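Source file structure.cif; content: mmCIF, C-alpha atoms.
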data_upload
loop_
_atom_site.group_PDB
_atom_site.id
_atom_site.type_symbol
_atom_site.label_atom_id
_atom_site.label_comp_id
_atom_site.auth_asym_id
_atom_site.auth_seq_id
_atom_site.Cartn_x
_atom_site.Cartn_y
_atom_site.Cartn_z
ATOM 1 C CA MET D 1142 0.000 0.000 0.000
ATOM 2 C CA LEU D 1143 1.189 3.499 -0.873
ATOM 3 C CA LYS D 1144 0.086 6.072 1.692
ATOM 4 C CA ILE D 1145 0.381 9.799 0.924
ATOM 5 C CA ARG D 1146 -0.521 12.265 3.644
ATOM 6 C CA GLU D 1147 -0.986 16.064 3.332
ATOM 7 C CA LEU D 1148 1.583 16.458 0.571
ATOM 8 C CA THR D 1149 2.406 20.103 -0.110
ATOM 9 C CA PHE D 1150 4.741 21.644 -2.667
ATOM 10 C CA GLY D 1151 5.241 24.992 -4.343
ATOM 11 C CA PHE D 1152 7.733 27.501 -5.606
ATOM 12 C CA ARG D 1153 8.537 30.908 -4.224
ATOM 13 C CA SER D 1154 6.097 32.525 -6.620
ATOM 14 C CA ARG D 1155 3.159 30.163 -6.095
ATOM 15 C CA ARG D 1156 1.870 27.023 -4.408
ATOM 16 C CA LEU D 1157 1.300 24.055 -6.747
ATOM 17 C CA PHE D 1158 -0.718 21.787 -4.467
ATOM 18 C CA GLU D 1159 -1.485 21.635 -0.768
ATOM 19 C CA LYS D 1160 -2.359 18.898 1.727
ATOM 20 C CA ILE D 1161 -2.943 16.169 -0.848
ATOM 21 C CA SER D 1162 -3.792 12.805 0.727
ATOM 22 C CA VAL D 1163 -4.478 9.504 -1.006
ATOM 23 C CA GLU D 1164 -4.052 5.786 -0.334
ATOM 24 C CA LEU D 1165 -3.269 3.326 -3.112
ATOM 25 C CA ARG D 1166 -3.982 -0.330 -2.338
ATOM 26 C CA PRO D 1167 -3.197 -3.518 -4.277
ATOM 27 C CA GLY D 1168 -5.284 -3.732 -7.448
ATOM 28 C CA GLU D 1169 -6.047 -0.006 -7.516
ATOM 29 C CA LEU D 1170 -5.319 2.698 -10.078
ATOM 30 C CA VAL D 1171 -5.447 6.434 -9.384
ATOM 31 C CA HIS D 1172 -5.547 8.918 -12.247
ATOM 32 C CA ILE D 1173 -3.867 12.224 -11.357
ATOM 33 C CA ALA D 1174 -5.847 15.071 -12.920
ATOM 34 C CA GLY D 1175 -5.561 18.825 -13.077
ATOM 35 C CA PRO D 1176 -5.064 21.677 -15.546
ATOM 36 C CA ASN D 1177 -1.712 22.457 -17.153
ATOM 37 C CA GLY D 1178 0.654 23.803 -14.519
ATOM 38 C CA ALA D 1179 -1.205 22.156 -11.631
ATOM 39 C CA GLY D 1180 1.918 20.184 -10.675
ATOM 40 C CA LYS D 1181 1.032 16.695 -11.909
ATOM 41 C CA SER D 1182 4.568 15.847 -13.067
ATOM 42 C CA THR D 1183 6.030 17.442 -9.946
ATOM 43 C CA PHE D 1184 3.693 15.340 -7.819
ATOM 44 C CA MET D 1185 4.879 12.175 -9.566
ATOM 45 C CA SER D 1186 8.533 13.160 -9.154
ATOM 46 C CA ILE D 1187 7.977 13.597 -5.423
ATOM 47 C CA ILE D 1188 6.334 10.177 -5.089
ATOM 48 C CA ALA D 1189 9.249 8.672 -7.044
ATOM 49 C CA GLY D 1190 11.718 10.207 -4.584
ATOM 50 C CA ILE D 1191 13.346 12.598 -7.062
ATOM 51 C CA LEU D 1192 12.014 15.735 -5.350
ATOM 52 C CA ALA D 1193 11.333 16.263 -1.660
ATOM 53 C CA PRO D 1194 7.955 17.586 -0.514
ATOM 54 C CA GLN D 1195 7.831 20.775 1.490
ATOM 55 C CA LYS D 1196 5.336 19.162 3.838
ATOM 56 C CA GLY D 1197 3.667 15.772 4.151
ATOM 57 C CA THR D 1198 4.697 12.125 4.199
ATOM 58 C CA ILE D 1199 4.922 9.269 1.690
ATOM 59 C CA GLU D 1200 5.056 5.693 2.977
ATOM 60 C CA PHE D 1201 5.000 2.312 1.263
ATOM 61 C CA PHE D 1202 3.787 -0.818 3.033
ATOM 62 C CA PRO D 1203 4.412 -4.281 1.559
ATOM 63 C CA GLY D 1204 0.870 -5.482 2.253
ATOM 64 C CA ALA D 1205 -2.624 -4.138 1.785
ATOM 65 C CA GLU D 1206 -2.730 -2.576 5.256
ATOM 66 C CA ALA D 1207 -0.555 -0.086 7.089
ATOM 67 C CA GLY D 1208 2.022 -1.697 9.344
ATOM 68 C CA THR D 1209 5.720 -0.924 9.291
ATOM 69 C CA PRO D 1210 6.675 1.117 6.201
ATOM 70 C CA VAL D 1211 9.675 0.077 4.112
ATOM 71 C CA ASP D 1212 12.920 2.012 4.534
ATOM 72 C CA ASP D 1213 13.279 2.835 0.830
ATOM 73 C CA ARG D 1214 10.063 2.937 -1.195
ATOM 74 C CA ARG D 1215 12.001 3.317 -4.459
ATOM 75 C CA LYS D 1216 12.690 -0.422 -4.428
ATOM 76 C CA TYR D 1217 8.965 -0.974 -4.893
ATOM 77 C CA LEU D 1218 8.300 1.731 -7.496
ATOM 78 C CA GLU D 1219 8.928 1.969 -11.222
ATOM 79 C CA TYR D 1220 8.734 5.527 -12.578
ATOM 80 C CA LEU D 1221 8.188 6.409 -16.233
ATOM 81 C CA PRO D 1222 8.497 10.195 -16.720
ATOM 82 C CA ALA D 1223 6.583 12.113 -19.370
ATOM 83 C CA GLU D 1224 9.512 13.043 -21.587
ATOM 84 C CA ALA D 1225 12.181 10.429 -20.821
ATOM 85 C CA ASN D 1226 12.384 6.703 -21.448
ATOM 86 C CA GLY D 1227 15.391 5.852 -19.292
ATOM 87 C CA MET D 1228 17.262 3.935 -21.967
ATOM 88 C CA TYR D 1229 20.927 3.872 -22.996
ATOM 89 C CA THR D 1230 20.734 4.999 -26.585
ATOM 90 C CA LYS D 1231 23.906 3.237 -27.771
ATOM 91 C CA MET D 1232 22.714 -0.142 -26.498
ATOM 92 C CA SER D 1233 20.261 -2.514 -28.198
ATOM 93 C CA ALA D 1234 16.765 -3.256 -26.933
ATOM 94 C CA VAL D 1235 17.828 -6.595 -25.442
ATOM 95 C CA GLU D 1236 20.913 -5.079 -23.815
ATOM 96 C CA ASN D 1237 18.799 -2.336 -22.246
ATOM 97 C CA LEU D 1238 16.232 -4.736 -20.817
ATOM 98 C CA LYS D 1239 18.923 -7.042 -19.441
ATOM 99 C CA PHE D 1240 20.746 -4.095 -17.870
ATOM 100 C CA TRP D 1241 17.675 -2.673 -16.134
ATOM 101 C CA SER D 1242 16.489 -6.100 -14.971
ATOM 102 C CA ASN D 1243 19.911 -6.838 -13.483
ATOM 103 C CA LEU D 1244 19.877 -3.439 -11.788
ATOM 104 C CA ARG D 1245 16.640 -4.528 -10.129
ATOM 105 C CA GLY D 1246 18.367 -7.722 -9.002
ATOM 106 C CA ARG D 1247 16.359 -9.833 -11.441
ATOM 107 C CA ASP D 1248 17.950 -12.519 -13.593
ATOM 108 C CA VAL D 1249 15.571 -12.418 -16.563
ATOM 109 C CA SER D 1250 16.010 -15.039 -19.285
ATOM 110 C CA GLY D 1251 16.246 -14.264 -22.980
ATOM 111 C CA ARG D 1252 12.903 -15.974 -23.531
ATOM 112 C CA VAL D 1253 11.158 -13.658 -21.063
ATOM 113 C CA ILE D 1254 12.763 -10.616 -22.693
ATOM 114 C CA PHE D 1255 11.686 -11.795 -26.159
ATOM 115 C CA GLU D 1256 8.121 -12.295 -24.901
ATOM 116 C CA ALA D 1257 8.033 -8.771 -23.484
ATOM 117 C CA LEU D 1258 9.360 -7.346 -26.756
ATOM 118 C CA GLU D 1259 6.796 -9.380 -28.718
ATOM 119 C CA VAL D 1260 3.987 -7.596 -26.879
ATOM 120 C CA TRP D 1261 5.279 -4.305 -28.250
ATOM 121 C CA GLY D 1262 6.156 -5.419 -31.784
ATOM 122 C CA LEU D 1263 9.900 -5.156 -31.119
ATOM 123 C CA ASN D 1264 10.910 -8.803 -31.273
ATOM 124 C CA HIS D 1265 12.348 -8.859 -34.784
ATOM 125 C CA PRO D 1266 16.030 -9.939 -34.493
ATOM 126 C CA VAL D 1267 17.278 -6.816 -36.265
ATOM 127 C CA ILE D 1268 15.239 -4.489 -34.063
ATOM 128 C CA ARG D 1269 15.923 -6.212 -30.759
ATOM 129 C CA ASP D 1270 19.601 -7.167 -31.237
ATOM 130 C CA GLN D 1271 21.252 -5.072 -33.915
ATOM 131 C CA LEU D 1272 19.841 -1.553 -33.735
ATOM 132 C CA ALA D 1273 20.988 0.936 -31.125
ATOM 133 C CA ILE D 1274 18.119 2.716 -29.408
ATOM 134 C CA ASP D 1275 19.076 6.046 -30.981
ATOM 135 C CA LYS D 1276 17.857 4.565 -34.291
ATOM 136 C CA PHE D 1277 14.388 3.931 -32.875
ATOM 137 C CA SER D 1278 11.404 6.161 -33.584
ATOM 138 C CA THR D 1279 9.697 8.052 -30.763
ATOM 139 C CA GLY D 1280 6.979 5.405 -30.513
ATOM 140 C CA MET D 1281 9.469 2.535 -30.536
ATOM 141 C CA LYS D 1282 11.436 4.100 -27.681
ATOM 142 C CA ARG D 1283 8.260 4.478 -25.642
ATOM 143 C CA ARG D 1284 7.244 0.886 -26.319
ATOM 144 C CA LEU D 1285 10.652 -0.325 -25.165
ATOM 145 C CA ALA D 1286 10.315 1.731 -21.973
ATOM 146 C CA LEU D 1287 6.950 0.056 -21.350
ATOM 147 C CA ALA D 1288 8.554 -3.352 -21.915
ATOM 148 C CA ARG D 1289 11.074 -2.405 -19.212
ATOM 149 C CA LEU D 1290 8.130 -1.523 -16.977
ATOM 150 C CA GLN D 1291 6.674 -5.005 -17.523
ATOM 151 C CA LEU D 1292 9.937 -6.652 -16.485
ATOM 152 C CA SER D 1293 10.542 -4.499 -13.406
ATOM 153 C CA GLY D 1294 8.797 -6.918 -11.044
ATOM 154 C CA VAL D 1295 7.730 -4.094 -8.697
ATOM 155 C CA PRO D 1296 4.200 -3.655 -7.323
ATOM 156 C CA CYS D 1297 3.731 0.071 -7.901
ATOM 157 C CA TRP D 1298 3.964 1.881 -11.252
ATOM 158 C CA LEU D 1299 4.205 5.665 -11.565
ATOM 159 C CA LEU D 1300 3.314 6.619 -15.139
ATOM 160 C CA ASP D 1301 3.449 10.190 -16.428
ATOM 161 C CA GLU D 1302 1.845 10.429 -19.890
ATOM 162 C CA PRO D 1303 2.845 6.812 -20.637
ATOM 163 C CA ILE D 1304 1.085 6.560 -24.011
ATOM 164 C CA TYR D 1305 2.974 9.409 -25.690
ATOM 165 C CA GLY D 1306 3.891 8.339 -29.237
ATOM 166 C CA LEU D 1307 1.904 5.069 -29.193
ATOM 167 C CA ASP D 1308 -0.171 3.948 -32.164
ATOM 168 C CA THR D 1309 -3.478 2.066 -31.962
ATOM 169 C CA LYS D 1310 -1.808 -1.307 -31.336
ATOM 170 C CA GLY D 1311 0.444 0.271 -28.726
ATOM 171 C CA LEU D 1312 -2.549 1.728 -26.886
ATOM 172 C CA GLU D 1313 -4.198 -1.694 -26.845
ATOM 173 C CA ALA D 1314 -1.014 -3.314 -25.527
ATOM 174 C CA PHE D 1315 -0.734 -0.660 -22.814
ATOM 175 C CA HIS D 1316 -4.315 -1.269 -21.690
ATOM 176 C CA ASN D 1317 -3.685 -5.016 -21.527
ATOM 177 C CA ILE D 1318 -0.459 -4.848 -19.485
ATOM 178 C CA LEU D 1319 -2.013 -2.346 -17.095
ATOM 179 C CA LYS D 1320 -5.058 -4.583 -16.651
ATOM 180 C CA SER D 1321 -2.819 -7.599 -15.991
ATOM 181 C CA HIS D 1322 -0.762 -5.600 -13.489
ATOM 182 C CA LEU D 1323 -3.854 -4.590 -11.534
ATOM 183 C CA ASN D 1324 -5.313 -8.116 -11.676
ATOM 184 C CA ALA D 1325 -2.053 -9.347 -10.129
ATOM 185 C CA LYS D 1326 -2.613 -6.928 -7.218
ATOM 186 C CA GLY D 1327 -0.286 -4.294 -8.621
ATOM 187 C CA MET D 1328 -0.882 -0.575 -8.126
ATOM 188 C CA CYS D 1329 -0.605 2.413 -10.437
ATOM 189 C CA LEU D 1330 -0.593 6.201 -10.336
ATOM 190 C CA VAL D 1331 -1.019 7.608 -13.835
ATOM 191 C CA VAL D 1332 -1.069 11.045 -15.444
ATOM 192 C CA SER D 1333 -2.732 10.971 -18.858
ATOM 193 C CA HIS D 1334 -4.731 13.406 -20.953
ATOM 194 C CA ASP D 1335 -6.160 10.472 -22.917
ATOM 195 C CA LEU D 1336 -8.381 8.363 -20.675
ATOM 196 C CA LYS D 1337 -9.452 5.818 -23.300
ATOM 197 C CA PRO D 1338 -6.718 3.276 -22.350
ATOM 198 C CA LEU D 1339 -8.035 3.400 -18.762
ATOM 199 C CA GLU D 1340 -11.599 2.475 -19.711
ATOM 200 C CA GLY D 1341 -12.889 -0.593 -17.912
ATOM 201 C CA LEU D 1342 -10.174 -0.448 -15.261
ATOM 202 C CA PRO D 1343 -10.837 0.209 -11.537
ATOM 203 C CA THR D 1344 -9.914 3.887 -11.724
ATOM 204 C CA GLN D 1345 -10.204 6.664 -9.177
ATOM 205 C CA THR D 1346 -9.372 10.265 -10.026
ATOM 206 C CA LEU D 1347 -7.390 12.603 -7.785
ATOM 207 C CA ASP D 1348 -7.835 16.263 -8.702
ATOM 208 C CA LEU D 1349 -4.674 18.093 -7.606
ATOM 209 C CA ALA D 1350 -6.418 21.450 -7.798
ATOM 210 C CA THR D 1351 -9.010 20.506 -5.167
ATOM 211 C CA GLY D 1352 -7.473 17.454 -3.473
ATOM 212 C CA ARG D 1353 -10.714 15.555 -4.053
ATOM 213 C CA ILE D 1354 -10.885 11.888 -5.085
ATOM 214 C CA SER D 1355 -13.717 10.571 -7.242
ATOM 215 C CA LYS D 1356 -14.600 7.301 -8.990
#
Using the file provided, produce a representation of the structure as structure tokens.
Amino acid sequence: MLKIRELTFGFRSRRLFEKISVELRPGELVHIAGPNGAGKSTFMSIIAGILAPQKGTIEFFPGAEAGTPVDDRRKYLEYLPAEANGMYTKMSAVENLKFWSNLRGRDVSGRVIFEALEVWGLNHPVIRDQLAIDKFSTGMKRRLALARLQLSGVPCWLLDEPIYGLDTKGLEAFHNILKSHLNAKGMCLVVSHDLKPLEGLPTQTLDLATGRISK
């Protein structure tokens, strides 16, 4: 469970959000909403541990109920920023996925990597083994980042505009992996202007401007 209490952040010139509280339990998805400039990406960066809040607490508990929070929540989170894919551009798709899986302490087989790439249409030998990532299109880079997300093995995903650059098949694949993640008792916070990929999923909406949560 991810427990956020009275989170507050702003700059000298203005306050972005104030006293935001939300609990995210296994199998739940929360859509972060708000107008441009409301602080959605900043909010996600704070949850990911990149920025520190001015006030408030963020705790992660291994189970569905509050008990003793973990010392480092980042071990349980996978963050996909809006404008970065977190890939080494001179490495191949397979090399990137192996590297990030090993960094997570996971020994992922080639078969599992190929299966993840197949989901995203990236399993052709030339694409997966021979091309450096800097030769990929914008959509291909995003699909590879989502394949990395699949292989992370962590319970909580933080997704900031995750479908940027995806085509129709990519949107369908994203919906399916997100549904599978939630069915496996995973959790997700997502910022997205396009809500179609979230249709049919157990979604709540947190409005940063008001702090209100709705279904």
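The gap separating atom CA of Pro1296 of chain D from atom CA of Val1235 of chain D is 22.9 Å, in Å to one decimal.
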Report as an MDAnalysis selection string all protein, DNA and RNA residues lying within 12 Å of Leu1290 of chain D, evaluated on all atoms listed in the file, omitting residues in the same chain fewer than 2 positions from it. chainID D and resid 1218:1222 1226:1228 1237:1238 1241:1242 1245 1254 1257:1258 1261 1283:1288 1292:1300 1303 1315 1318:1319 1322 1329
Who sits within 7 Å of Ala1350 of chain D, all atoms listed in the file, same chain under 5 positions skipped, as a ChimeraX atom specification: /D:1158,1175,1179
Residues of the last selection are to be written out with C-alpha atoms, as a PDB file, keeping the file's coordinate frame.
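Saved result, out.pdb, follows:
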ATOM      1  CA  PHE D1158      -0.718  21.787  -4.467  1.00  0.00           C
ATOM      2  CA  GLY D1175      -5.561  18.825 -13.077  1.00  0.00           C
ATOM      3  CA  ALA D1179      -1.205  22.156 -11.631  1.00  0.00           C
TER       4      ALA D1179
END
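Contact shell of Thr1309 of chain D at 12 Å (all atoms listed in the file; same-chain neighbours under 4 positions omitted): Trp1261, Gly1280, Ile1304, Tyr1305, Glu1313, Ala1314, Phe1315, His1316, Lys1337 and Pro1338 of chain D.
Near Leu1347 of chain D, within a cut-off of 6 Å and counting only C-alpha atoms, sit the residues Ile1173, Ala1174, Arg1353 and Ile1354 of chain D, with same-chain residues fewer than 6 positions away left out.
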So what do you get for atom CA of Ile1145 of chain D versus atom CA of Lys1326 of chain D, distance-wise?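 Distance reported for this atom pair: 18.8 Å.
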If I take atom CA of Thr1183 of chain D and atom CA of Gly1311 of chain D, how far is one from the other in Å, to one decimal?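 Rounded to one decimal, the two atoms are 26.1 Å apart.
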